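Asks: Sharing a structure below in structure tokens format, with a few things to ask.
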Amino acid sequence: MSEALLLESVQKSFGRLEVLRGVDLALAEHEVVCLIGASGSGKSTLLRCVNLLEVIDAGRIVVEGQEITARNVDVNRIRRRIGIVFQAYNLFPHMSVLRNVTLAPTLALRRSRAEAESEAIALLARFGLADKRNDFPDSLSGGQQQRVAIVRALAMRPDLMLLDEVTSALDPELVAEVLEVIRELAAGGMTMLIATHEMSFARDIADRICFLDEGVILEQGRPEQILSAPAEPRTQQFLQRIIEAGRL
Amino acid sequence: MSGGEGRRGIVIAVASTVVFFTLLAVAITHAPGWPEVRRTFFDWDQFKDSLPEISRAFLLNVKIFSIAEAFILVFALLLAILRSLPGPAALPLRLLGIGYADFFRGVPTILVIAMLGFGAPALRLNHVPLSTTFWGIVALVLVYTAYVSEVYRAGIESVHPSQAAAARSLGLTHWQALRTVVLPQAVRRVIPPLLNDFIGLQKDTALVGFLGSVEAFKQSQIDAAATFNYTSYVAAALLFVALTIPLARFTDWLVLRDRRRRQAAGA
């Protein structure tokens with residue numbers, strides 16, 4: 001069986017700044033992997049590369065057996081299979097919640113408006129947003145906006161979800177409602193690659209944690225192993241700083 | 001701020017306004033040449049005589065403006081899109097767009113009108129109208145398309161790249177993302193500057209009179225030449241102002257409505 005996601009020696013630079021310096025990573029079907037690491041370690045860039053929002057300089061990325069970084073692939077077709085949720089939600093402010101969710105299914109997947117809407121309404125209801133469907137994003141709380149963003153990505157029925165620090169922009173009391181949604185996705189068997197600063201959440205939800213340091217995955221393993229008994233000094237240092245900041 | 005201070009502020013504002021404009025009126029009406037100016041520019045009988053004809057001529061300005069505006073809105077958007085095309089393959093198109101905008105923003109409008117209005121009919125092209133009004137409209141469309149495309153482009157660039165990225169991440173094509181996510185937000189943001197350009201266009205319709213089309217300015221010129229009195233100019237000016245002010249208020253209302261709609265709970 002092929003992996004749900006496979007990265008081989010992925011490299012990415014912005015000008016002279018090398019952000020990813022040879023990342024190897026494999027995700028099995030239904031696996032939940034959390035990426036941890038300091039700001040600037042390359043977590044977001046890695047996710048953006050998988051979604052083809054950034055073009056990698058070297059290496060390859062394979063999704064369900066198909067090399068998505070090959071020449072002549074249809075990037076739009078690939079992106080439809082990979083959901084990404086951003087730190088800043090990036091909802092479309094000029095559209096209602098419902099239209100935010102149905103836009104891509106109707107345009108990119110050519111589903112009928114009625115079908116897309118009934119599916120969107122069901123998804124919104126599942127995540128406690130049924131009564132918000134006619135609201136505009138600006139009138140929602142951060143937690144609600146982020147849940148809408150997750151629903152928007154889910155409406156494309158992706159094979160794989162990429163979550164980029166989805167709780168970092170939220171007030172502390174709103175973090176739980178978003179994490180609850182992600183837990184439910186994991187319970188439903190969604191394959192996910194999650195960049196996060198929430199260590200206790202990562203310990204809870206991840207099948208595996210990868211510590212990203214200076215553009216490479218320095219250490220990976222089961223959550224209790226990485227968070228409690230890391231082998232690498234750099235991982236130990238990073239976790240020490242997290243503990244000092246009261247985040248673990 | 002307390003209610004008392006608020007009332008005091010209003011009283012001061014009213015008082016200073018009254019004093020200022022009274023002084024201004026006194027200064028003007030006591031100027032040595034005022035009786036002469038009043039006779040040649042503010043003659044009520046002349047005004048009544050010239051207004052009906054100038055109003056009729058002003059309909060031509062409205063017609064020129066309406067036709068030109070419809071084309072400008074579409075062409076300028078196409079030009080702005082052309083200039084925002086990504087990728088090295090689109091470079092010639094981008095260059096074409098830049099060259100066009102640079103040229104028509106650089107040449108005085110009256111020159112473009114003169115060159116087209118006097119030059120183009122001489123070509124005697126088949127199936128193309130010879131009327132000066134037609135070529136005046138073409139000139140205004142060419143010039144204002146350059147200006148308005150810059151306004152659209154500023155709007156497109158003001159939409160944060162994360163919006164396009166979010167749309168593309170969902171599998172929308174570049175064109176779909178532009179059409180449904182970027183442009184609607186861009187256009188909403190540039191409505192006030194767009195209107196500003198259209199007020200400019202309304203006024204520049206008077207330049208078509210230079211070609212001989214009898215619009216409001218040309219008509220008032222004819223009246224002034226016949227009577228040796230310039231009150232007809234004032235009548236034309238008032239007609240232009242009467243058209244632009246409602247347009248300005250309408251835009252304010254549009255902007256306000258959009259803001260309310262987005263901030264209120266949509267239900």
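Please note that chains go A, B, ... in the order of the structure tokens, that every chain numbers its residues from 1, and that ligands are numbered from 1 in the order shown.
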At a cut-off of 10 Å, which residues of chain B touch chain A? Count only C-alpha atoms and give the answer as number ranges by chain.
Replies: B: 160-174, 176-177, 180-182, 184-185, 188, 258, 261-267
Asks: When you count only C-alpha atoms, which of these residues is closest to Phe211 of chain A: A:Ala176, A:Leu5, A:Ala70, A:Val33?
Replies: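 Selected residue with least distance to Phe211 of chain A: A:Val33.
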Asks: Neighbouring residues of Arg222 of chain A were defined as those with any atom within 8 Å, considering only C-alpha atoms; residues of the same chain fewer than 4 positions away were excluded. Please report them as a PyMOL selection string.
Replies: chain A and resi 206-209+226
Asks: Could you name the residues that touch Ser168 of chain A at 9 Å or less, counting only C-alpha atoms, but leaving out those on the same chain fewer than 3 positions away, as a PyMOL selection string?
Replies: chain A and resi 87-88+164-165+171+175+196-198
Asks: Atoms to include: C-alpha atoms. Write the selected residues as a PDB file, in the first residue's frame.
Replies:
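Dumped to out30.pdb:
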```
ATOM      1  CA  GLN A  87      -3.554  30.454  11.092  1.00  0.00           C
ATOM      2  CA  ALA A  88      -5.426  33.622  10.038  1.00  0.00           C
ATOM      3  CA  ASP A 164      -1.146  25.421   9.968  1.00  0.00           C
ATOM      4  CA  GLU A 165      -1.091  26.698  13.566  1.00  0.00           C
ATOM      5  CA  ASP A 171      -7.865  34.008  22.350  1.00  0.00           C
ATOM      6  CA  VAL A 175      -8.773  27.382  21.490  1.00  0.00           C
ATOM      7  CA  THR A 196       1.152  23.332  16.202  1.00  0.00           C
ATOM      8  CA  HIS A 197       2.475  25.018  19.330  1.00  0.00           C
ATOM      9  CA  GLU A 198      -0.077  23.248  21.527  1.00  0.00           C
TER      10      GLU A 198
END
```
Asks: Residues of segment 5-237 of chain A in strand (DSSP E) according to DSSP, as an MDAnalysis selection string?
Replies: chainID A and resid 5:14 17:27 32:36 58:63 66:67 82:85 160:164 191:195 208:213 216:221
Asks: Write out as a ChimeraX atom specification which residues come within 12 Å of Ser200 of chain A when counting only C-alpha atoms, dropping same-chain ones fewer than 3 positions away.
Replies: /A:34,36,176,179,196-197,203-206,209,223-224,227-228,239,242-243,246-248
